[in-house]
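Some notes on the structure that comes next.
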Amino acid sequence: MTTTSGPRLDTEPARARSPWRGPGSVAERRSGIPALIGQRLIQIPAVLLVVSVLVFWLVQVVPGDPGRNALGPHATAAQVQLWNAQHGVDGSLPERYLGWLAGFATGQWGESLVYSQPVAELVLPRLANSMLLGGLAFALLVPAALAVGGLQAYREGTRTDRALTTALMSLAALPEFVIGVLLLIVFAVVLAWVPVQSATDATADPLLRLRAMILPAVTLAVGYFAVIARMVRTGVIDTLGAQYHRTAVLKGLRRGQVLRRHVARNALIPTISLLGIYLGTLLGGSAIVETLFGYPGLGALLVTATEKKDILLLEAGVMVTGAVSLIALLLTDLAFVIVDPRIRFEKAE
Amino acid sequence: MNHRQTRLRRILLAVTTAALVAPLAACATTATTAGDAGGDEAIYRIPISDPGAEIDPLTVADYNGMLIAGLASEGLISLDAGGELIPRLATEWHASEDGLTWTIELREGAVFNDGEPVTADDVVSTFETITADDSVSPGKSSFDGILDTITTVDEGTVEFGLARPFSDFPRLLTGANTSILPAGYVAGDWLENPIGAGQFLLEDYTVGEAATFVKNPDYWNADEILVDGVELKVYADEQAKVLAFQAGELDRIAVTSDVIASLDASKYDTISSGYNKFDGIFLNHEAAPFDDPTVREALAWAIDRAALVDDVYSGNADVANDVLYFPDYPIQPEGIEQREQDLDRVAELLDGRTVQFAITTDNQLFGEVLQQQLNAVEGFEVELDLLTSEQYYADGDETPWLNAPLTVTNWAPRTPSQYIGLIFADGAAWNASHYANPAIEAASEAFDASTDEAERQARVDEIAGIQWSDLAVIVPTFTKAEVLQNPRVHGEFAGALDFYTGVSFAGVSIGD
């Protein structure tokens with residue numbers, strides 16, 4: 001038996017190892033979850049620490065100077081130096097990094113160099129907006145992709161399957177920007193159902209907020225739709241051809257039961273890992289979509305922070321989006337534990 | 001197909017359709033429609049870009065930030081669309097006989113938006129802050145070497161003591177960063193307490209989204225402010241801006257070649273105001289090939305200025321003649337031949353040589369058009385070194401915009417003497433041409449010291465003649481601001497449409 005110093009999530013097909021011990025029970029698998037979470041709670045800060053060092057260092061290569069950005073081309077060099085000194089950006093890199101790290105760890109995220117506003121007040125509401133938008137996109141994406149992928153699988157090889165495959169590939173080939181502009185022309189300019197700029201309504205009452213979010217959410221969802229649907233189609237086709245599916249059908253189970261208990265559960269396992277990655281990406285914000293629709297999310301803010309070398313804002317934004325992505329991956333692993341009977345936790349003997 | 005398969009397919013289709021269409025259908029039933037932002041209120045809606053900088057009247061350098069600060073604050077004097085001075089918080093101004101003292105009378109009844117009157121002490125404090133040794137205000141450079149002292153005469157009168165006579169001194173008071181702020185104001189927290197004596201009150205500003213303003217009921221000329229408020233909406237994408245204007249979410253959009261191509265301009269009002277910049281072609285006199293006067297002159301004759309007006313500015317500019325007197329400046333140079341493309345002269349000046357150089361700029365369209373023009377002329381082999389603004393204006397002794405052999409930089413309107421002090425003078429901070437000519441500095445000083453019209457005209461002719469022949473900078477065009485405006489807006493803006501010399505909505509109204 002493999003010996004490890006801690007719990008290890010092992011998704012390798014069981015039959016590939018010897019001796020084969022069969023799928024673990026749900027109770028057995030669930031018992032390893034707290035240890036998995038504990039392990040990740042150590043790994044996630046370590047990963048974020050490395051990322052923060054890289055960001056702090058890499059942003060130095062971005063051209064420009066914070067003082068020059070603030071005061072414009074016609075301020076003198078002396079004025080720019082004075083501004084930098086006043087805003088604490090004239091020290092050595094390690095000194096500034098350690099200062100930032102100490103502050104960030106204690107909840108003192110500092111003040112944006114660009115906007116002169118507390119970083120936390122800029123980042124957290126934007127993160128909430130991005131997560132809301134990403135969540136809506138995900139909520140639109142998953143059922144639609146499952147439905148289309150499932151339909152294609154059940155209609156494999158038919159005209160419907162081929163037509164949907166062609167449509168999905170065409171959709172996948174369109175950049176988000178093009179899809180967004182087309183949606184804006186139809187629904188904002190011609191029909192006037194929604195505003196072009198989402199910013200004002202995005203913080204209004206729920207109905208106006210939904211109205212502001214719907215086009216950006218659809219645009220985001222469309223970007224991932226083809227891949228997920230394709231993955232679902234493949235998974236379902238594989239499952240439909242599996243021995244256990246035939247057995248279940250021959251046993252005379254009702255179609256709904258077969259679909260729920262045998263097809264869905266097994267067909268979705270590969271899709272879940274992809275959904276986990278996409279969920280993290282969606283929740284972290286999309287600069288392209290947010291920029292096009294004027295949606296007040298984190299993606300567009302971080303682009304400005306990078307361009308203007310606003311290191312405090314950038315670091316805080318990267319840390320929170322990184323944390324969101326890593327937590328999404330953890331949730332994916334937890335979902336695996338629940339749905340995949342092949343998952344087992346191995347412990348040191 | 002059996003019954004179960006049919007039912008399954010219908011369920012799947014229904015789920016897909018519902019997921020995609022239901023939210024949009026819900027949107028369609030929302031009470032508010034996209035085009036009626038502001039409800040019954042007369043709100044003028046302007047697109048801006050994210051200022052990407054702190055908003056403070058004293059230090060703001062970005063145009064969008066200037067607009068945010070300028071709507072809520074006001075200076076002593078501004079310019080109208082024709083370049084004439086408009087009294088704002090100042091009502092009168094006059095110079096002493098020796099030209100070394102300017103006395104400014106303040107408007108009675110003008111108050112800040114906290115109810116306190118605008119006094120001479122506030123004006124003194126504002127300009128002392130701008131010109132202090134530790135000032136980081138970009139406006140400071142306008143007064144360097146010119147403004148010496150600022151003193152209170154009485155509550156409504158201020159005296160500006162100058163280091164040297166400067167006949168255009170009132171024009172320096174129209175620039176950015178010269179809004180009057182209360183005595184004791186400290187830069188840095190203006191957004192928390194957006195103090196000013198402007199036409200509007202800043203109601204809300206959310207980074208990256210919008211700034212909303214309501215009319216200031218205590219403004220000294222409140223009766224002439226006919227709109228209820230102004231909304232500045234932040235757009236990061238030009239296409240989205242055009243679509244928003246098309247959808248009726250905006251009241252104006254700046255005219256560009258893309259806008260003209262996308263919109264039917266006949267559906268909107270086209271309004272224009274004064275000149276707002278020039279894109280200067282700066283020639284480094286210490287770097288090859290522009291250390292050779294014949295190459296500089298050949299370049300000046302090779303440029304097709306009329307084509308630049310069409311191709312770069314969509315016709316929204318005037319051909320210029322390599323002298324820094326905007327057409328709306330009261331005194332214009334006389335007796336100078338207008339340069340236009342003359343390929344025979346180019347061939348004569350180059351005398352069979354082929355000169356190679358690169359155009360260094362952050363202005364892509366201008367750079368590309370200029371490159372194409374010059375490469376079509378025999379004797380020029382031109383490359384384009386296109387940089388981001390951050391790269392172009394990078395700090396340090398080797399910054400491209402002040403050192404490359406040929407740079408293209410845009411400058412907002414300033415007084416002609418300011419340009420000489422900033423661009424042409426020996427050792428000037430922004431002498432991208434590495435140029436010096438004592439004659440032009442002497443002529444400029446003589447102009448500044450004179451109030452006699454004939455003498456001033458003579459000095460303008462002299463200065464312009466030197467600029468035209470020395471060619472530190474080729475000025476091919478003067479650009480104007482032009483916007484398409486929603487027909488629901490009536491009246492004319494008193495000043496420049498991009499408000500760089502002061503915001504004024506006096507006389508502008510909104511109605512069907």
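Here, A, B, ... name the chains of the structure tokens in the order displayed, residue numbers run from 1 inside each chain, and ligands are numbered from 1 in the same displayed order.
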
From region 76-242 of chain B, collect each residue whose DSSP state is strand (DSSP E or B) and return the set as a ChimeraX atom specification.
-> /B:77-79,85-87,90-95,101-106,111,117,147-154,157-162,200-206,210-215,229-234

Wanna dump the chain A-chain B contacts at 8 Å for me, each residue with its shortest atom pair and the distance in Å to one decimal, counting only C-alpha atoms, ordered by chain and number, as CSV?
residue,atom,partner,partner_atom,distance
A:Pro63,CA,B:Gln391,CA,5.5
A:Gly64,CA,B:Glu390,CA,4.4
A:Asp65,CA,B:Ala394,CA,7.0
A:Arg68,CA,B:Asp395,CA,7.3
A:Asn69,CA,B:Ala53,CA,7.2
A:Ala70,CA,B:Ala53,CA,5.2
A:Leu71,CA,B:Ala61,CA,5.4
A:Gly72,CA,B:Ala61,CA,5.2
A:Pro73,CA,B:Tyr393,CA,6.1
A:His74,CA,B:Pro138,CA,6.2
A:Ala75,CA,B:Pro138,CA,4.7
A:Thr76,CA,B:Ala429,CA,7.3
A:Ala77,CA,B:Asp395,CA,7.1
A:Gln79,CA,B:Val136,CA,5.0
A:Val80,CA,B:Val136,CA,7.3
A:Leu82,CA,B:Val136,CA,7.1
A:Trp83,CA,B:Val136,CA,6.5
A:Leu113,CA,B:Ala53,CA,7.8
A:Val114,CA,B:Ala53,CA,4.6
A:Tyr115,CA,B:Glu54,CA,4.7
A:Ser116,CA,B:Glu54,CA,5.6
A:Leu122,CA,B:Val207,CA,7.8
A:Leu140,CA,B:Ala19,CA,5.6
A:Pro143,CA,B:Thr16,CA,6.9
A:Ala144,CA,B:Thr16,CA,4.6
A:Ala145,CA,B:Thr16,CA,7.8
A:Ala147,CA,B:Leu12,CA,5.0
A:Val148,CA,B:Leu12,CA,7.0
A:Gly150,CA,B:Leu12,CA,7.9
A:Leu151,CA,B:Arg9,CA,6.5
A:Val181,CA,B:Ala240,CA,7.7
A:Leu184,CA,B:Leu243,CA,7.6
A:Ile185,CA,B:Leu243,CA,7.2
A:Ala188,CA,B:Ala247,CA,6.7
A:Val189,CA,B:Ala247,CA,4.7
A:Val190,CA,B:Ala247,CA,7.7
A:Ala192,CA,B:Ala34,CA,5.6
A:Trp193,CA,B:Ala28,CA,5.0
A:Val194,CA,B:Ala34,CA,5.6
A:Pro195,CA,B:Ala34,CA,4.6
A:Val196,CA,B:Ala244,CA,5.3
A:Gln197,CA,B:Ala244,CA,7.0
A:Ala199,CA,B:Glu209,CA,5.4
A:Thr200,CA,B:Glu209,CA,6.9
A:Leu207,CA,B:Thr30,CA,7.1
A:Leu208,CA,B:Thr30,CA,7.3
A:Leu210,CA,B:Cys27,CA,7.5
A:Arg211,CA,B:Cys27,CA,5.1
A:Ile214,CA,B:Pro23,CA,6.6
A:Val218,CA,B:Leu20,CA,7.5
A:Thr291,CA,B:Ala236,CA,5.5
A:Leu292,CA,B:Asp237,CA,5.5
A:Phe293,CA,B:Ala240,CA,6.9
A:Gly294,CA,B:Tyr235,CA,6.0
A:Tyr295,CA,B:Glu209,CA,7.9
A:Pro296,CA,B:Glu209,CA,6.5
A:Leu301,CA,B:Gly208,CA,7.5
A:Thr304,CA,B:Gly52,CA,7.1
A:Lys308,CA,B:Gly52,CA,7.4

Counting only C-alpha atoms, the residue among B:Asp322, B:Asp461, B:Glu381, B:Glu155 that lies closest to Val118 (chain B) is B:Glu155

Could you please determine the separation between CA of Gln356 (chain B) and CA of Asn375 (chain B) in Å, to one decimal place?
-> 10.0 Å

Might you pull out every residue within 12 Å of Glu156 (chain A), with only C-alpha atoms counted and same-chain residues fewer than 5 positions away left off, and present them as a ChimeraX atom specification?
-> /A:148-151,161-165,230,233-234,236-238,240-241

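Taking CA of Glu337 (chain B) and CA of Ala317 (chain B) as the two end points, the separation is 19.5 Å.
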
Among the residues of region 332-365 of chain B, find those DSSP assigns to alpha helix (DSSP H) from the backbone and print them as a ChimeraX atom specification.
-> /B:343-350,364-365

Spatial neighbours of region 448-454 of chain B, 7 Å, only C-alpha atoms, chain gap at least 4 places, as a compact mmCIF listing (two decimals) with N, CA and C atoms, in the first residue's frame:
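Written out: part.txt:
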# COMPACT_ATOMS: atom_id res chain seq x y z
N GLY B 99 3.36 96.49 -15.42
CA GLY B 99 3.01 95.10 -15.79
C GLY B 99 3.41 94.07 -14.76
N PRO B 165 7.06 91.10 -16.19
CA PRO B 165 5.77 91.43 -16.82
C PRO B 165 5.26 90.27 -17.67
N PHE B 166 3.97 90.02 -17.59
CA PHE B 166 3.40 88.92 -18.36
C PHE B 166 1.98 89.33 -18.75
N SER B 167 1.88 89.85 -19.97
CA SER B 167 0.62 90.46 -20.38
C SER B 167 -0.53 89.47 -20.50
N SER B 444 10.13 87.01 -26.83
CA SER B 444 9.00 86.60 -25.99
C SER B 444 8.92 87.47 -24.74
N ALA B 458 4.37 93.21 -33.59
CA ALA B 458 5.72 93.09 -34.14
C ALA B 458 6.47 91.92 -33.50

Using only C-alpha atoms, which of the listed residues (B:Trp93, B:Trp190, B:Phe290, B:Tyr44) sits closest to Ala69 (chain B)?
-> B:Trp190

Tell me which of B:Phe200, B:Phe478, B:Tyr63, B:Tyr205 sits closest to Tyr325 (chain B), counting only C-alpha atoms.
->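 Among the listed residues, the smallest separation from Tyr325 (chain B) belongs to B:Phe478.
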
Could you name the residues that touch Ala172 (chain A) at 7 Å or less, counting only C-alpha atoms, but leaving out those on the same chain fewer than 4 positions away, as a ChimeraX atom specification?
-> /A:168,223,226

Tell me, as a compact mmCIF listing (two decimals) with N, CA and C atoms, in the first residue's frame, which residues lie within 10 Å of Ala120 (chain A), counting only C-alpha atoms; anything in the same chain fewer than 5 positions away does not count.
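Generated output (selection26.txt):
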# COMPACT_ATOMS: atom_id res chain seq x y z
N PHE A 104 -1.28 43.38 4.95
CA PHE A 104 -2.34 42.55 4.36
C PHE A 104 -2.77 41.45 5.33
N GLY A 107 -5.06 42.68 7.96
CA GLY A 107 -6.29 43.34 7.52
C GLY A 107 -6.11 44.79 7.10
N GLN A 108 -4.88 45.29 7.15
CA GLN A 108 -4.61 46.66 6.71
C GLN A 108 -4.16 46.60 5.25
N TRP A 109 -5.10 46.68 4.35
CA TRP A 109 -4.78 46.49 2.93
C TRP A 109 -4.24 47.74 2.27
N GLY A 110 -4.22 48.84 2.99
CA GLY A 110 -3.64 50.07 2.46
C GLY A 110 -4.60 50.86 1.58
N GLU A 111 -4.05 51.89 0.95
CA GLU A 111 -4.85 52.79 0.11
C GLU A 111 -4.35 52.69 -1.33
N SER A 112 -5.30 52.64 -2.24
CA SER A 112 -4.94 52.54 -3.66
C SER A 112 -4.11 53.75 -4.10
N PRO A 125 -16.28 44.97 -2.74
CA PRO A 125 -17.56 45.08 -3.47
C PRO A 125 -17.43 44.60 -4.91
N ARG A 126 -16.27 44.88 -5.53
CA ARG A 126 -16.07 44.42 -6.91
C ARG A 126 -16.02 42.89 -6.96
N LEU A 312 -0.68 47.86 -4.47
CA LEU A 312 -1.52 47.47 -3.33
C LEU A 312 -2.87 46.94 -3.82
N LEU A 313 -3.42 47.64 -4.78
CA LEU A 313 -4.71 47.22 -5.33
C LEU A 313 -4.57 45.89 -6.08
N ALA A 316 -3.99 42.87 -3.60
CA ALA A 316 -5.22 42.49 -2.90
C ALA A 316 -6.18 41.78 -3.86
N GLY A 317 -6.29 42.32 -5.08
CA GLY A 317 -7.20 41.70 -6.05
C GLY A 317 -6.75 40.29 -6.42

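CA of Trp301 (chain B) is positioned 13.2 Å from CA of Val319 (chain B).
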
Excluding same-chain residues fewer than 5 positions from Gln43 (chain A), what lies within 12 Å of it counting only C-alpha atoms, as a ChimeraX atom specification?
-> /A:36-38,48-50,323,326-327,330

Of the candidates B:Phe366, B:Phe424, B:Phe380, B:Phe505, which one gets nearest to Val473 (chain B) if we count only C-alpha atoms?
->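 Checking each candidate against Val473 (chain B), we get B:Phe424 as the closest.
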
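Considering only C-alpha atoms, the residue among A:Val258, A:Ile311, A:Ala139, A:Val318 positioned nearest to Gln60 (chain A) is A:Ile311.
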